[in-house]
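Pasting entry01.txt here (compact mmCIF, C-alpha atoms):
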```
# COMPACT_ATOMS: atom_id res chain seq x y z
CA MET A 1 -43.80 -23.67 6.85
CA GLU A 2 -40.87 -21.80 8.28
CA THR A 3 -40.87 -18.08 7.89
CA LEU A 4 -37.78 -16.73 6.26
CA ALA A 5 -37.23 -13.17 7.31
CA MET A 6 -33.75 -12.12 6.41
CA HIS A 7 -33.85 -8.36 6.51
CA ILE A 8 -34.98 -5.60 8.86
CA SER A 9 -38.70 -6.03 9.57
CA ASN A 10 -41.26 -3.34 10.23
CA GLY A 11 -41.33 -1.88 13.70
CA ILE A 12 -37.66 -2.49 14.44
CA ILE A 13 -36.52 1.04 13.62
CA ASP A 14 -38.83 4.01 14.06
CA GLY A 15 -40.45 5.82 11.16
CA PRO A 16 -38.48 9.08 11.03
CA VAL A 17 -35.10 7.35 11.03
CA ALA A 18 -36.33 4.90 8.41
CA ALA A 19 -37.47 7.85 6.29
CA VAL A 20 -34.10 9.59 6.60
CA PHE A 21 -32.31 6.47 5.45
CA ALA A 22 -34.80 6.01 2.63
CA ALA A 23 -33.89 9.47 1.37
CA PHE A 24 -30.18 8.72 1.79
CA ALA A 25 -30.51 5.41 -0.05
CA LEU A 26 -32.45 7.03 -2.88
CA ALA A 27 -29.79 9.73 -3.26
CA VAL A 28 -26.95 7.20 -3.36
CA LEU A 29 -28.79 4.95 -5.80
CA THR A 30 -29.37 7.95 -8.05
CA LEU A 31 -25.65 8.58 -8.04
CA CYS A 32 -25.12 4.90 -8.79
CA VAL A 33 -27.41 5.15 -11.82
CA LEU A 34 -25.50 8.18 -13.11
CA ARG A 35 -22.07 6.66 -12.58
CA GLY A 36 -23.16 3.14 -13.40
CA ARG A 37 -24.35 4.12 -16.86
CA ARG A 38 -20.76 4.76 -17.87
CA ASP A 39 -20.03 1.12 -17.08
CA LEU A 40 -23.23 -0.33 -18.48
CA ASP A 41 -22.68 -1.48 -22.03
CA ASP A 42 -24.07 -4.37 -24.04
CA ARG A 43 -21.82 -6.75 -22.15
CA LEU A 44 -22.27 -5.50 -18.60
CA ALA A 45 -26.06 -5.05 -18.67
CA PRO A 46 -27.00 -8.73 -19.07
CA MET A 47 -24.22 -9.64 -16.65
CA ALA A 48 -25.71 -7.27 -14.08
CA GLY A 49 -29.12 -8.87 -14.50
CA LEU A 50 -27.52 -12.24 -13.90
CA VAL A 51 -25.69 -11.00 -10.81
CA ALA A 52 -28.95 -9.73 -9.31
CA ALA A 53 -30.73 -13.00 -10.05
CA PHE A 54 -27.82 -15.03 -8.69
CA ILE A 55 -27.71 -12.99 -5.47
CA PHE A 56 -31.44 -13.52 -5.04
CA ALA A 57 -30.96 -17.27 -5.41
CA VAL A 58 -28.01 -17.55 -3.05
CA GLN A 59 -29.67 -15.34 -0.43
CA MET A 60 -32.25 -18.12 -0.08
CA LEU A 61 -29.53 -20.56 0.92
CA ASN A 62 -29.18 -19.97 4.64
CA PHE A 63 -26.17 -21.87 5.92
CA PRO A 64 -25.61 -22.89 9.53
CA ILE A 65 -22.84 -21.14 11.39
CA LEU A 66 -20.90 -22.38 14.39
CA THR A 67 -23.22 -20.71 16.87
CA ALA A 68 -26.04 -23.14 17.53
CA GLY A 69 -29.44 -22.22 16.16
CA VAL A 70 -28.24 -19.35 14.00
CA SER A 71 -27.89 -19.25 10.24
CA GLY A 72 -26.38 -16.83 7.79
CA HIS A 73 -26.85 -16.05 4.15
CA LEU A 74 -25.07 -14.18 1.41
CA LEU A 75 -25.55 -10.42 1.26
CA GLY A 76 -23.82 -10.15 -2.11
CA GLY A 77 -22.22 -6.70 -2.06
CA ALA A 78 -18.67 -7.94 -2.58
CA LEU A 79 -19.72 -10.43 -5.25
CA ALA A 80 -21.58 -7.72 -7.16
CA ALA A 81 -18.72 -5.22 -6.81
CA LEU A 82 -16.21 -7.74 -8.16
CA LEU A 83 -18.33 -8.84 -11.11
CA VAL A 84 -20.01 -5.62 -12.26
CA GLY A 85 -18.29 -2.81 -10.36
CA PRO A 86 -19.34 -0.75 -7.35
CA TRP A 87 -22.02 1.45 -8.94
CA VAL A 88 -23.89 -1.17 -10.88
CA GLY A 89 -23.15 -3.66 -8.10
CA ALA A 90 -24.95 -1.58 -5.51
CA LEU A 91 -27.90 -1.32 -7.90
CA CYS A 92 -27.93 -5.12 -8.29
CA VAL A 93 -28.19 -5.65 -4.53
CA ALA A 94 -30.85 -2.93 -4.32
CA VAL A 95 -32.92 -4.64 -7.03
CA VAL A 96 -32.80 -7.86 -5.02
CA LEU A 97 -33.90 -6.07 -1.85
CA VAL A 98 -36.76 -4.30 -3.66
CA VAL A 99 -38.04 -7.56 -5.14
CA GLN A 100 -37.78 -9.27 -1.75
CA ALA A 101 -39.64 -6.48 0.05
CA LEU A 102 -42.38 -6.00 -2.55
CA VAL A 103 -43.00 -9.58 -3.61
CA PHE A 104 -41.64 -11.94 -0.96
CA GLY A 105 -42.65 -10.05 2.17
CA ASP A 106 -39.04 -10.03 3.35
CA GLY A 107 -37.78 -6.78 4.86
CA GLY A 108 -40.45 -4.17 5.58
CA VAL A 109 -41.30 -1.82 2.72
CA ALA A 110 -40.99 1.05 5.19
CA MET A 111 -37.55 -0.34 6.15
CA LEU A 112 -36.30 -0.61 2.57
CA GLY A 113 -34.05 2.43 2.88
CA LEU A 114 -32.36 0.93 5.93
CA ASN A 115 -31.81 -2.42 4.26
CA VAL A 116 -30.57 -0.81 1.04
CA THR A 117 -28.21 1.42 3.00
CA ASN A 118 -26.67 -1.47 4.91
CA MET A 119 -26.39 -4.14 2.26
CA ALA A 120 -26.42 -2.35 -1.10
CA VAL A 121 -24.59 0.85 -0.18
CA LEU A 122 -22.34 0.17 2.82
CA GLY A 123 -21.64 -3.46 1.98
CA THR A 124 -20.76 -2.78 -1.63
CA ALA A 125 -18.75 0.35 -0.88
CA ALA A 126 -16.66 -1.31 1.83
CA ALA A 127 -16.09 -4.30 -0.41
CA TYR A 128 -14.97 -2.25 -3.38
CA LEU A 129 -12.57 -0.12 -1.37
CA LEU A 130 -10.85 -3.31 -0.22
CA ILE A 131 -11.02 -4.88 -3.66
CA ALA A 132 -9.36 -1.82 -5.19
CA LEU A 133 -6.62 -2.00 -2.60
CA LEU A 134 -6.03 -5.75 -2.55
CA LEU A 135 -6.18 -6.38 -6.29
CA ARG A 136 -3.41 -3.86 -6.77
CA VAL A 137 -1.04 -5.41 -4.27
CA LEU A 138 -1.85 -9.12 -4.60
CA PRO A 139 -0.65 -11.22 -7.54
CA ARG A 140 -3.07 -11.70 -10.43
CA THR A 141 -3.53 -15.37 -9.73
CA PRO A 142 -6.62 -17.36 -8.76
CA ALA A 143 -5.26 -17.30 -5.21
CA GLY A 144 -4.82 -13.54 -5.27
CA LEU A 145 -8.32 -13.04 -6.60
CA GLY A 146 -9.71 -15.54 -4.12
CA VAL A 147 -8.08 -13.83 -1.14
CA THR A 148 -9.33 -10.45 -2.38
CA ALA A 149 -12.85 -11.81 -2.69
CA PHE A 150 -12.77 -13.54 0.69
CA VAL A 151 -11.43 -10.60 2.67
CA SER A 152 -13.60 -7.97 0.99
CA ALA A 153 -16.72 -10.10 1.41
CA LEU A 154 -16.03 -10.82 5.07
CA VAL A 155 -15.41 -7.19 5.92
CA SER A 156 -18.43 -6.01 3.92
CA VAL A 157 -20.76 -8.21 5.97
CA VAL A 158 -19.44 -6.84 9.26
CA VAL A 159 -19.70 -3.28 7.95
CA ALA A 160 -23.30 -3.88 6.87
CA ALA A 161 -24.08 -5.30 10.32
CA MET A 162 -22.56 -2.23 11.97
CA GLY A 163 -24.73 -0.07 9.72
CA PHE A 164 -27.71 -1.69 11.37
CA VAL A 165 -26.30 -1.07 14.84
CA LEU A 166 -25.93 2.61 13.95
CA GLN A 167 -29.54 2.67 12.78
CA TYR A 168 -30.72 0.98 15.93
CA TRP A 169 -28.82 3.49 18.00
CA LEU A 170 -30.57 6.29 16.12
CA GLY A 171 -34.05 4.87 15.99
CA GLY A 172 -34.41 1.47 17.63
CA THR A 173 -37.93 0.91 18.91
CA THR A 174 -36.95 -0.87 22.10
CA ASP A 175 -34.98 0.81 24.83
CA LEU A 176 -31.99 -1.41 25.38
CA GLY A 177 -31.24 0.24 28.70
CA GLY A 178 -27.93 1.55 27.47
CA ASN A 179 -26.88 -1.86 26.28
CA LEU A 180 -26.26 -0.93 22.67
CA ALA A 181 -22.74 -2.30 23.04
CA GLY A 182 -24.27 -5.68 23.76
CA LEU A 183 -26.23 -5.59 20.51
CA ALA A 184 -23.16 -4.36 18.65
CA GLY A 185 -21.06 -7.17 20.08
CA THR A 186 -23.63 -9.83 19.23
CA MET A 187 -24.11 -8.49 15.72
CA ALA A 188 -20.37 -8.23 15.11
CA GLY A 189 -19.62 -11.70 16.42
CA VAL A 190 -22.37 -13.43 14.52
CA HIS A 191 -21.64 -11.55 11.31
CA LEU A 192 -17.95 -12.29 11.53
CA LEU A 193 -18.92 -15.95 11.25
CA ILE A 194 -21.45 -15.24 8.51
CA GLY A 195 -18.74 -13.22 6.79
CA VAL A 196 -16.58 -16.34 6.58
CA GLY A 197 -19.42 -18.04 4.70
CA GLU A 198 -19.91 -14.96 2.53
CA GLY A 199 -16.18 -14.93 1.83
CA LEU A 200 -16.09 -18.57 0.80
CA ILE A 201 -19.13 -18.23 -1.48
CA THR A 202 -17.85 -15.00 -3.03
CA ALA A 203 -14.33 -16.34 -3.60
CA THR A 204 -15.58 -19.60 -5.09
CA THR A 205 -17.98 -17.83 -7.42
CA VAL A 206 -15.59 -15.13 -8.60
CA VAL A 207 -12.66 -17.50 -9.12
CA THR A 208 -14.93 -19.77 -11.12
CA VAL A 209 -16.14 -16.91 -13.32
CA ALA A 210 -12.54 -15.73 -13.77
CA LYS A 211 -11.58 -19.21 -14.93
CA VAL A 212 -14.41 -19.46 -17.46
CA ARG A 213 -14.69 -15.87 -18.66
CA PRO A 214 -12.07 -13.58 -17.11
CA ASP A 215 -13.29 -10.75 -19.36
CA LEU A 216 -16.59 -10.75 -17.45
CA VAL A 217 -14.99 -9.90 -14.10
CA TYR A 218 -15.25 -6.12 -13.81
CA ALA A 219 -12.61 -5.77 -11.13
CA LEU A 220 -10.00 -7.55 -13.27
CA ARG A 221 -10.76 -5.23 -16.19
CA ALA A 222 -10.99 -1.98 -14.30
CA LEU A 223 -8.17 -2.26 -11.79
CA LYS A 224 -4.67 -2.29 -13.16
CA PRO A 225 -2.17 -4.18 -11.04
CA ALA A 226 0.19 -2.12 -8.88
CA ALA A 227 -0.49 1.10 -10.74
CA PRO A 228 0.78 4.25 -9.09
CA ALA A 229 -2.73 5.65 -9.27
CA PRO A 230 -4.45 6.64 -6.05
CA VAL A 231 -6.70 4.00 -4.54
CA VAL A 232 -10.07 5.50 -5.17
CA PRO A 233 -13.04 3.54 -6.50
CA VAL A 234 -13.60 5.54 -9.62
CA ALA A 235 -15.37 3.13 -11.88
CA GLY A 236 -15.12 4.15 -15.47
CA GLY A 237 -13.00 7.12 -14.50
CA ALA A 238 -14.12 10.31 -12.80
CA ARG A 239 -14.10 13.07 -15.33
CA MET B 1 -16.32 -5.18 -28.14
CA SER B 2 -15.20 -8.55 -26.99
CA LYS B 3 -17.11 -11.78 -26.79
CA ARG B 4 -20.78 -11.62 -26.06
CA PRO B 5 -21.90 -12.64 -22.61
CA TRP B 6 -25.16 -14.35 -23.49
CA GLY B 7 -24.00 -17.95 -23.29
CA PHE B 8 -22.48 -17.29 -19.92
CA VAL B 9 -25.58 -15.47 -18.70
CA VAL B 10 -27.87 -18.33 -19.70
CA GLY B 11 -25.57 -20.82 -17.98
CA GLY B 12 -25.43 -18.67 -14.86
CA LEU B 13 -29.19 -18.34 -14.81
CA LEU B 14 -29.56 -22.11 -14.94
CA VAL B 15 -27.26 -22.41 -11.93
CA ALA B 16 -29.29 -19.76 -10.08
CA LEU B 17 -32.55 -21.55 -10.93
CA LEU B 18 -31.15 -24.81 -9.62
CA LEU B 19 -29.98 -23.15 -6.40
CA ALA B 20 -33.25 -21.31 -5.78
CA GLY B 21 -35.50 -24.06 -7.07
CA VAL B 22 -33.96 -27.13 -5.47
CA VAL B 23 -31.05 -26.43 -3.14
CA SER B 24 -33.08 -23.79 -1.26
CA ASN B 25 -35.04 -26.63 0.32
CA TYR B 26 -31.92 -27.76 2.14
CA ALA B 27 -31.16 -24.32 3.56
CA SER B 28 -30.95 -23.84 7.31
CA ALA B 29 -34.28 -22.88 8.85
CA HIS B 30 -32.67 -21.20 11.83
CA PRO B 31 -33.09 -17.43 12.16
CA ASP B 32 -30.29 -15.52 10.46
CA GLY B 33 -27.66 -13.41 12.17
CA LEU B 34 -29.79 -10.27 12.28
CA ASP B 35 -32.93 -12.02 13.44
CA SER B 36 -31.19 -14.02 16.13
CA SER B 37 -29.36 -10.94 17.44
CA LEU B 38 -32.65 -9.07 17.66
CA LEU B 39 -34.38 -11.92 19.47
CA ARG B 40 -31.75 -12.12 22.17
CA GLY B 41 -33.51 -11.77 25.51
CA CYS B 42 -36.89 -12.95 24.25
CA THR B 43 -38.37 -16.40 24.20
CA VAL B 44 -40.01 -17.59 21.00
CA ASP B 45 -42.34 -20.43 20.15
CA ALA B 46 -41.98 -22.93 17.35
CA GLU B 47 -43.45 -20.46 14.85
CA GLY B 48 -40.85 -17.86 15.75
CA GLU B 49 -43.40 -15.66 17.49
CA ILE B 50 -42.13 -13.81 20.56
CA THR B 51 -43.74 -15.20 23.73
CA GLY B 52 -42.00 -13.19 26.41
CA GLY B 53 -38.92 -11.41 27.63
CA SER B 54 -37.36 -8.21 26.38
CA CYS B 55 -35.34 -7.89 23.18
CA PRO B 56 -34.72 -5.43 20.33
CA ALA B 57 -37.28 -7.20 18.14
CA GLN B 58 -40.17 -7.10 20.59
CA ARG B 59 -42.00 -4.30 18.79
CA GLU B 60 -41.71 -5.88 15.39
CA ARG B 61 -44.81 -5.47 13.24
CA ASP B 62 -46.26 -7.43 10.36
CA HIS B 63 -45.08 -6.84 6.84
CA GLU B 64 -47.18 -4.49 4.72
CA LEU B 65 -47.41 -7.07 1.96
CA GLY B 66 -47.34 -10.19 4.12
CA ASP B 67 -50.35 -11.52 2.22
CA SER B 68 -48.65 -11.43 -1.16
CA PRO B 69 -48.92 -14.71 -3.05
CA LEU B 70 -45.18 -15.33 -2.70
CA ALA B 71 -44.75 -14.03 0.85
CA ASP B 72 -42.19 -15.84 2.99
CA TYR B 73 -40.70 -17.57 -0.06
CA GLY B 74 -43.61 -19.91 -0.62
CA VAL B 75 -46.41 -20.09 -3.15
CA ARG B 76 -49.76 -19.46 -1.52
CA GLY B 77 -52.08 -22.41 -1.76
CA LEU B 78 -49.36 -24.90 -2.57
CA ASP B 79 -49.27 -27.33 0.32
CA ASN B 80 -46.17 -29.25 -0.67
CA ASP B 81 -43.37 -27.37 1.10
CA PHE B 82 -40.70 -28.58 -1.29
CA LEU B 83 -42.57 -27.41 -4.38
CA SER B 84 -43.74 -24.24 -2.69
CA THR B 85 -40.25 -23.10 -1.71
CA GLY B 86 -38.72 -24.26 -4.98
CA LEU B 87 -41.30 -22.63 -7.20
CA SER B 88 -41.13 -19.35 -5.28
CA GLY B 89 -37.36 -19.44 -5.72
CA VAL B 90 -37.63 -20.05 -9.45
CA LEU B 91 -40.15 -17.24 -9.84
CA GLY B 92 -37.96 -14.95 -7.74
CA VAL B 93 -34.88 -15.61 -9.88
CA LEU B 94 -36.81 -15.01 -13.09
CA LEU B 95 -38.48 -11.89 -11.71
CA THR B 96 -35.21 -10.47 -10.40
CA PHE B 97 -33.51 -11.13 -13.72
CA ALA B 98 -36.40 -9.57 -15.62
CA VAL B 99 -36.57 -6.46 -13.43
CA GLY B 100 -32.83 -6.01 -12.96
CA GLY B 101 -31.76 -7.12 -16.41
CA GLY B 102 -34.53 -5.10 -18.03
CA ALA B 103 -33.68 -1.93 -16.16
CA PHE B 104 -29.94 -2.31 -16.79
CA TRP B 105 -30.57 -3.04 -20.46
CA LEU B 106 -32.63 0.14 -20.84
CA LEU B 107 -30.07 2.17 -18.91
CA ARG B 108 -27.03 0.93 -20.81
CA ARG B 109 -24.97 3.04 -23.17
CA ARG B 110 -26.22 2.04 -26.58
CA GLY B 111 -23.89 0.16 -28.89
CA ALA B 112 -23.10 1.22 -32.44
CA ALA B 113 -26.33 -0.33 -33.69
CA ALA B 114 -28.51 1.84 -31.51
CA PRO B 115 -30.88 4.31 -33.08
CA ASP B 116 -29.40 7.71 -33.69
CA GLY B 117 -30.12 10.20 -30.96
CA PRO B 118 -31.62 13.65 -31.20
CA ASN B 119 -28.18 15.15 -31.20
CA GLY B 120 -26.63 12.80 -33.67
CA PRO B 121 -27.92 13.98 -37.04
CA ASN B 122 -24.40 14.06 -38.42
CA GLY B 123 -24.37 10.49 -39.54
CA PRO B 124 -25.28 7.37 -37.72
CA ASN B 125 -22.08 6.11 -36.19
CA GLY B 126 -19.61 8.86 -36.63
CA PRO B 127 -16.66 9.17 -34.31
CA ASN B 128 -18.55 11.66 -32.20
CA GLY B 129 -21.80 9.77 -32.37
CA PRO B 130 -24.04 9.27 -29.45
CA ASN B 131 -21.95 6.48 -28.05
CA SER B 132 -18.31 7.41 -28.10
CA ALA B 133 -17.81 4.49 -25.76
CA ASP B 134 -15.22 6.14 -23.61
CA GLY B 135 -17.48 6.65 -20.67
CA ALA B 136 -17.52 10.38 -21.18
CA ASP B 137 -21.24 10.63 -21.56
CA GLY B 138 -23.32 11.59 -18.61
CA ALA B 139 -20.87 14.32 -17.73
CA ALA B 140 -20.74 15.88 -21.17
CA ALA B 141 -24.41 16.48 -21.60
CA PRO B 142 -25.04 16.87 -25.29
CA ASP B 143 -24.79 13.39 -26.61
CA GLY B 144 -27.09 10.70 -27.74
CA PRO B 145 -30.29 9.50 -26.24
CA ASN B 146 -28.41 8.49 -23.16
CA GLY B 147 -27.37 11.81 -21.74
CA ALA B 148 -27.21 12.68 -18.11
CA ASP B 149 -30.93 12.59 -17.70
CA GLY B 150 -31.33 9.36 -15.84
CA ALA B 151 -31.40 11.17 -12.55
CA ASP B 152 -34.69 9.92 -11.29
CA GLY B 153 -34.04 6.40 -12.43
CA ALA B 154 -32.97 5.34 -8.96
CA ASP B 155 -35.70 2.86 -8.55
CA ASP B 156 -36.78 0.48 -11.19
CA PRO B 157 -40.21 1.63 -12.26
CA SER B 158 -39.17 5.21 -12.83
CA GLY B 159 -35.82 4.09 -14.22
CA ARG B 160 -37.59 2.04 -16.77
CA GLY B 161 -40.05 4.79 -17.56
CA GLU B 162 -37.25 7.27 -17.98
CA ALA B 163 -35.28 5.05 -20.26
CA THR B 164 -38.32 4.15 -22.29
CA GLY B 165 -38.99 7.83 -22.69
CA ASP B 166 -35.48 8.27 -23.96
CA ARG B 167 -35.92 5.57 -26.47
CA ALA B 168 -39.24 6.91 -27.69
CA GLU B 169 -37.66 10.30 -28.02
CA ALA B 170 -34.81 8.82 -29.98
CA GLU B 171 -37.19 7.05 -32.29
CA ARG B 172 -39.18 10.22 -32.90
CA ALA B 173 -35.99 12.00 -33.80
CA ALA B 174 -35.03 9.20 -36.12
CA THR B 175 -38.31 9.28 -37.98
CA ALA B 176 -38.29 13.04 -38.17
CA ARG B 177 -35.08 12.92 -40.10
```
Before we go any further, please render this structure as structure tokens.
Amino acid sequence: METLAMHISNGIIDGPVAAVFAAFALAVLTLCVLRGRRDLDDRLAPMAGLVAAFIFAVQMLNFPILTAGVSGHLLGGALAALLVGPWVGALCVAVVLVVQALVFGDGGVAMLGLNVTNMAVLGTAAAYLLIALLLRVLPRTPAGLGVTAFVSALVSVVVAAMGFVLQYWLGGTTDLGGNLAGLAGTMAGVHLLIGVGEGLITATTVVTVAKVRPDLVYALRALKPAAPAPVVPVAGGAR
Amino acid sequence: MSKRPWGFVVGGLLVALLLAGVVSNYASAHPDGLDSSLLRGCTVDAEGEITGGSCPAQRERDHELGDSPLADYGVRGLDNDFLSTGLSGVLGVLLTFAVGGGAFWLLRRRGAAAPDGPNGPNGPNGPNGPNSADGADGAAAPDGPNGADGADGADDPSGRGEATGDRAEAERAATAR
């Protein structure tokens, strides 16, 4: 049986750096709980459960990318941010990562903070910043929403990958002999291609949901088109 | 509140179950972008074990819970690969929905039908009830059972515990009335 390891495994990043990122991830997720509760009502809560379950399912679907012998899979930050907002969205991705680490042996438990930081925090944050920008300037059509989803998803994957490169620079367990740029280049190149897949999946999913139940797409509810408001991801309003 | 989401959620769950339970068997078995980047410079055997060379992944260690019954997205003891992968996917979707959905449900701002909170003795659903629904709670502390006290709910078990505590507290207040 093939082993499916999709996230950072134990021994890749040293303990102290992993611990620092665990603390960082915990702090950000706490903030997400506080802010996310303003968004979480009787409609969003079940939707958020679904988003987490859906991301878990699609993360199992590794797709081949152009580079031979390499696959990619959904990370889900952009999808979650579009459907349930940035705060709850980050929590959705984190739930998936916790379940994978604790039950499916995927992503070291000691590495959980690193994985959460990259995919749940950085990926979702980068995605939502772009979503907030693009949804305000692009037309409110399926094409506009699709382009928003595609671009934000693609960028979020590359940002998450660069989060890992930063972590490896800080605490990688193997001395690369000063060749961190090589790792960064490989990671960026591969994840640019994976990002295309992420973009296609995210756009298809979100456009489909918007067709069936536009009221269930958080980003369409929360972001008013071309408003003169500053582009800041304040879900539910910062008061 | 607008239309309920339950029909959509059930439909979406069925799609997720189909993807994780069946389609997952047709997923690419190649290492993903992270794994392949980390293996660059090393040679690996058919099992994916490093056999030589130098690469960022060479000091990788085993997973703490690598012996869990669902480790590596398979069901331990089930020899049929198709069933093993599919069943682990189905269980994973259900578990993720239960954990995530459960935690989010407990954390949500309660609707008008929710039990009255400790600070809401002035009538069940008054305009300034526990759930004014304008997202102002959390910042303005004194309202309802869902005040700003979810701070240590960052991870699920404690989140759930916290929220359950809230609810119990709310129920005590309701009976005390």
>> Set the cut-off to 6 Å and count all atoms listed in the file: what are the residues of chain A that reach chain B? Output as a PyMOL selection string.
In response: chain A and resi 3-4+10-12+29-30+37-38+40-41+43+45-46+49+53-54+57+60-64+69-72+104-105+108+174+190
>> What's the separation between CA of Arg140 in chain A and CA of Leu74 in chain A, in Å to one decimal place?
In response: 25.1 Å
>> From (-19.7, -2.7, 1.4), in the file's coordinates, out to 7 Å: which residues are reached, counting only C-alpha atoms? Answer as a list in words.
In response: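 I get Gly77, Ala78, Met119, Val121, Leu122, Gly123, Thr124, Ala125, Ala126, Ala127, Tyr128, Ser156, Val159 and Ala160 of chain A for the residues within 7 Å of that point.
Put simply, CA of Val28 in chain A is 17.0 Å away from CA of Gln167 in chain A.
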Enclosing box along x, y and z for every listed atom of range 39-56 of chain B, padded 3 Å each side, centre and size in Å, one decimal, as lines of an AutoDock Vina configuration file:
```
center_x = -37.7
center_y = -14.2
center_z = 21.2
size_x = 18.0
size_y = 23.5
size_z = 18.8
```
